[in-house]
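What follows is a short report on a single structure.
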Amino acid sequence: MGLVGQALVTDSGSLLPLGFWSAVAVWVERPQVVNKRLCGARLEASGKKTPKKGAVAAKGRPPGAELETAGGGGQAPEAPRVPASDLDPPSEHLLRSLVTADEEVLDFLRGGRVEKQPEAGPKPEVILRTLIPKPSAPRPVPAPTQEMVVKDVFNGTVTFLPLEGETHLKVKKSNIYQIQLRHNKDEEWCISMLVFSAEGWDSDGIIYPNSSWLGKELLSKLARWSVENKKNEFKSTLSLISLMKYSQVYQELKEKYKEMVKVWPEVTDPEKFVYEDVAIATYLLVLWEEERAKKGITKKQSFVDLGCGNGLLVHILSNEGHPGRGIDVRRRKIWNMYGPQTQLEEVAIRPDDSYLFPDVDWLIGNHSDELTPWIPVIAARSSYSCCYFVLPCCFFDFTGKYSRRQSKKTQYREYLDFIKEVGFTCGFHVEEDCLRIPSTKRVCLIGKSRTYPATEEALVDKQRTQYIDSRQSCARIPHSEESSCASSGSTIETNHCDHHIYLNCLSDKPPKGQFPENEKKMPQEDGIWINGFQPRDKIEQVRNCASLPRDFIDHIVLKVANLLLNGKQQNLKEDPCDGSSKTWNRGGSLSLAEVANQLDKETLQRLKRECGGLQTLLKNSHQVFEVVNGRVYIRDWREEKNAKKNQPEAKRRLSSEAFKTRLCWFFMHHPNGCSLTSESCSYAHGTQELRQSQTLKKIKQIH
């Protein structure tokens, strides 16, 4: 037995030992949170007996004795609970043979204690899990590895026993390790990491890193999570689909569509958008494959992506054999790159009878903005078999921006609950999952089955109409009333809004055909479902100061720069290129308010009409200024040059594409010229150094 790490933790919030088991649950069920070379884990079997309530006191006794369920407590990233089931016979036999045949391993399982488990104490919980490595293109995909996890709550230990062999499983003793929790005194606890064989540890660098990694990286995470009173309000990622299948398909699609990054003609970040859409497409493909297997069909599902944006998701799904199309109010430059097999339409979708899709299997809303709450409605009214997938981002109600009602929830969580409520009211069983995408808004909602038989469609559609109409009444609550409730720290009661009264009536299950007496009939002229819906403009309104005349912007930039340079702060630094010292006036600093006081009233009013005003203009003038904590400084590119050495490869590549495509402001206007030499400056020192933008080249190639 070898100790590879120890961490002392102070439990000032009385979170231990519950917090420890919550942290352990994350490592057991979501190991990819710590080990980035793993795709995840599949829990295959669990056998446990829970302790009796109140059997043992918390402190001065074994560190998990009062725990009623393994891993509760709502601590740092909360892992999903897995229902317990009896171990299958081979696993049960393996555990029994292990305990009776190897005294050394048995002693390690006990945490070095020689006494037997008390009869009155809880029995250990045994879990079988399969660790799934993340595929890597340069090398073969390693095989998943099975582990037996033994959680001994009474003694405060969790032991991991790797299994090897195909037909006859056996424990790989060299890689057995254990995490222990011990209570020292008062608020002081100790978490230890031990390995069964320190000398024989077999590291593969993927599933099993070095034993020192366990004692440093993993142990530090567990120690921090154990005393964090932080509850995760979202589900684990990819909880509704096969993790192993997702990993395989994602790697295939990533390789297949990686060239899109190099030819991306939009101004958005190509790496983020390409790999995000690859991940969303992977999720849908696996979800749909499992749906076909469950229904016993082979025909691939059809789809329509409402608010498809750049259309890449439509392009990938179509290429993978699913018939479908994308619709958006505004055409994108990249649409021309896809070819005729990718069907994309420039149309403004409105919620009415003209935009139903009776022959489509799935409707998709990927960051669909004002269409998001309407997609469950459109799916429900298109056909009884139509399903939907939405990935909410911006917060919209049926006829405008969504207004918060509950101060005790985050705005994002409240909005997700609203979209789930819409799906439920439309008659769907709504499922929630969390995607693995480079975005903070990555929770998707899925409606693929109904809560009612097809014969009750007319009745349920009346309920939808009533709910949509009640949301309009709810939206008319005065903003002052909403603010006063929020400022007092209270949550607006749900029955203050008509749509919640209506939902309460639904829960009471009124007889067929009967509805609340205050039901408001919504006008249905010409098949229109609601009045007041406004799709986004076909021409996107730019309000980030980019639409201002160039000479107006240049005038303000020069004026602000001169104000700062009057500070006369000489900045003596050694040039990183040639090692020489150079005096360069960086000037002083001014607050945004001080800068605004130096500008005339007409200029300020013109800036005020732009989103962000003066601050946005100065931040957009990134070459000249930096704005930090409300103060404006002239940028010193010698500092930026050093910082760029640590940039990710993708950002360095984007910087190289923009190299010498714009004139250097400092070379043209600064009294000391540019702080960098021409060779090291990313901007052109004179028109003779200018080169064509790579983005313009891509656009010319498309056309």
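In the structure tokens, each chain is lettered A, B, ... as it comes, each chain's residues begin at 1, and ligands are numbered from 1 in order of appearance.
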
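Using only C-alpha atoms, the protein and nucleic acid residues lying no more than 12 Å from His622 (chain A), apart from those fewer than 2 places from it along its own chain, are Val557, Gln615, Thr616, Leu617, Leu618, Lys619, Asn620, Val624, Phe625, Glu626, Val627, Val632, Tyr633, Ile634, Arg635, Asp636, Trp637, Glu640, Cys664 and Trp665 of chain A.
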
Might you pull out every residue within 10 Å of Ser439 (chain A), with only C-alpha atoms counted and same-chain residues fewer than 6 positions away left off, and present them as a PDB file with N, CA, C and O atoms, in the first residue's frame?
ATOM      1  N   LYS A 272     -15.169  27.481 -33.249  1.00  0.00           N
ATOM      2  CA  LYS A 272     -16.318  27.334 -32.351  1.00  0.00           C
ATOM      3  C   LYS A 272     -17.543  26.848 -33.104  1.00  0.00           C
ATOM      4  O   LYS A 272     -18.190  25.869 -32.706  1.00  0.00           O
ATOM      5  N   PHE A 273     -17.875  27.496 -34.212  1.00  0.00           N
ATOM      6  CA  PHE A 273     -19.117  27.186 -34.898  1.00  0.00           C
ATOM      7  C   PHE A 273     -19.062  25.844 -35.626  1.00  0.00           C
ATOM      8  O   PHE A 273     -20.052  25.102 -35.636  1.00  0.00           O
ATOM      9  N   GLU A 276     -18.991  23.047 -32.892  1.00  0.00           N
ATOM     10  CA  GLU A 276     -20.259  23.039 -32.159  1.00  0.00           C
ATOM     11  C   GLU A 276     -21.343  22.354 -32.985  1.00  0.00           C
ATOM     12  O   GLU A 276     -22.090  21.507 -32.476  1.00  0.00           O
ATOM     13  N   CYS A 393     -31.258  29.605 -26.462  1.00  0.00           N
ATOM     14  CA  CYS A 393     -30.132  30.511 -26.226  1.00  0.00           C
ATOM     15  C   CYS A 393     -30.671  31.845 -25.716  1.00  0.00           C
ATOM     16  O   CYS A 393     -30.723  32.081 -24.525  1.00  0.00           O
TER      17      CYS A 393
END

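Between CA of Ala454 (chain A) and CA of Tyr388 (chain A) lies a distance of 17.2 Å.
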
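As for CA of Leu563 (chain A) and CA of Phe666 (chain A), they are spaced 15.0 Å apart.
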
Can you list, as a ChimeraX atom specification, every protein, DNA or RNA residue that comes within 7 Å of Arg662 (chain A) when you count only C-alpha atoms, leaving out same-chain residues fewer than 5 positions away? /A:683-684,690

Those in region 378-472 of chain A with strand (DSSP E) from DSSP, as a list in words: Cys387, Tyr388, Phe389, Val390, Leu391, Phe428, His429, Val430, Glu431, Glu432, Asp433, Cys434, Val443, Cys444, Leu445, Ile446, Gly447, Lys448, Ser449 and Arg450 of chain A

Just the residues within 9 Å of region 357-374 of chain A, please, counting only C-alpha atoms, with nothing from its chain fewer than 5 positions along; format it as a PyMOL selection string. chain A and resi 280+301-309+313+324+349-351+379+381-401+418-419+422-423+441+444+448+533-536

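Nearest to Pro124 (chain A) of all the residues A:Gln463, A:Asn184, A:Ser621, A:Thr157 is A:Thr157, based on only C-alpha atoms.
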
Check which residues of region 130-191 of chain A sit at most 7 Å from region 20-43 of chain A using only C-alpha atoms, and return one row each with the closest pair of atoms and their distance in Å to one decimal, ordered by chain and rising number, as JSON lines.
{"residue": "A:Thr130", "atom": "CA", "partner": "A:Arg42", "partner_atom": "CA", "distance": 5.1}
{"residue": "A:Leu131", "atom": "CA", "partner": "A:Ala41", "partner_atom": "CA", "distance": 4.6}
{"residue": "A:Ile132", "atom": "CA", "partner": "A:Gly40", "partner_atom": "CA", "distance": 5.5}
{"residue": "A:Pro133", "atom": "CA", "partner": "A:Leu38", "partner_atom": "CA", "distance": 4.2}
{"residue": "A:Lys134", "atom": "CA", "partner": "A:Cys39", "partner_atom": "CA", "distance": 4.5}

Near Ala593 (chain A), counting only C-alpha atoms, which residues have an atom at most 9 Å away, once you skip same-chain residues fewer than 5 positions from it, shown as a PDB file with N, CA, C and O atoms, in the first residue's frame?
ATOM      1  N   GLN A 598     -14.865  65.442 -22.380  1.00  0.00           N
ATOM      2  CA  GLN A 598     -14.043  66.164 -23.358  1.00  0.00           C
ATOM      3  C   GLN A 598     -14.656  66.145 -24.761  1.00  0.00           C
ATOM      4  O   GLN A 598     -14.095  66.743 -25.681  1.00  0.00           O
ATOM      5  N   GLY A 630     -13.315  50.287 -16.612  1.00  0.00           N
ATOM      6  CA  GLY A 630     -13.849  51.630 -16.828  1.00  0.00           C
ATOM      7  C   GLY A 630     -12.818  52.707 -17.088  1.00  0.00           C
ATOM      8  O   GLY A 630     -13.167  53.886 -17.164  1.00  0.00           O
ATOM      9  N   ARG A 631     -11.543  52.327 -17.242  1.00  0.00           N
ATOM     10  CA  ARG A 631     -10.493  53.307 -17.548  1.00  0.00           C
ATOM     11  C   ARG A 631      -9.888  53.004 -18.918  1.00  0.00           C
ATOM     12  O   ARG A 631      -9.765  51.838 -19.312  1.00  0.00           O
TER      13      ARG A 631
END

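The smallest atom-to-atom distance between Asp417 (chain A) and any of A:Phe234, A:Asp461, A:Ile375, A:Asp600, using only C-alpha atoms, is found for A:Phe234.
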
Distance query Pro340 (chain A) at most 12 Å, only C-alpha atoms, self and fewer than 4 positions along chain excluded, as an MDAnalysis selection string: chainID A and resid 315 318:319 325 335:336 344:345

From a DSSP calculation on the backbone, collect every residue of region 308-499 of chain A in helix (DSSP H, G or I) and output the set as number ranges by chain. A: 312-319, 335-338, 369-382, 411-425, 454-475, 479-487, 494-496, 498-499

9 Å contact set for Gln692 (chain A), only C-alpha atoms, chain neighbours under 6 positions out, as a list in words: Ala658, Lys660 and Thr661 of chain A

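Proximity to Ile179 (chain A) was assessed for A:Ser236, A:Thr440, A:Gln6, A:Ser680 counting only C-alpha atoms; the smallest distance is recorded for A:Gln6.
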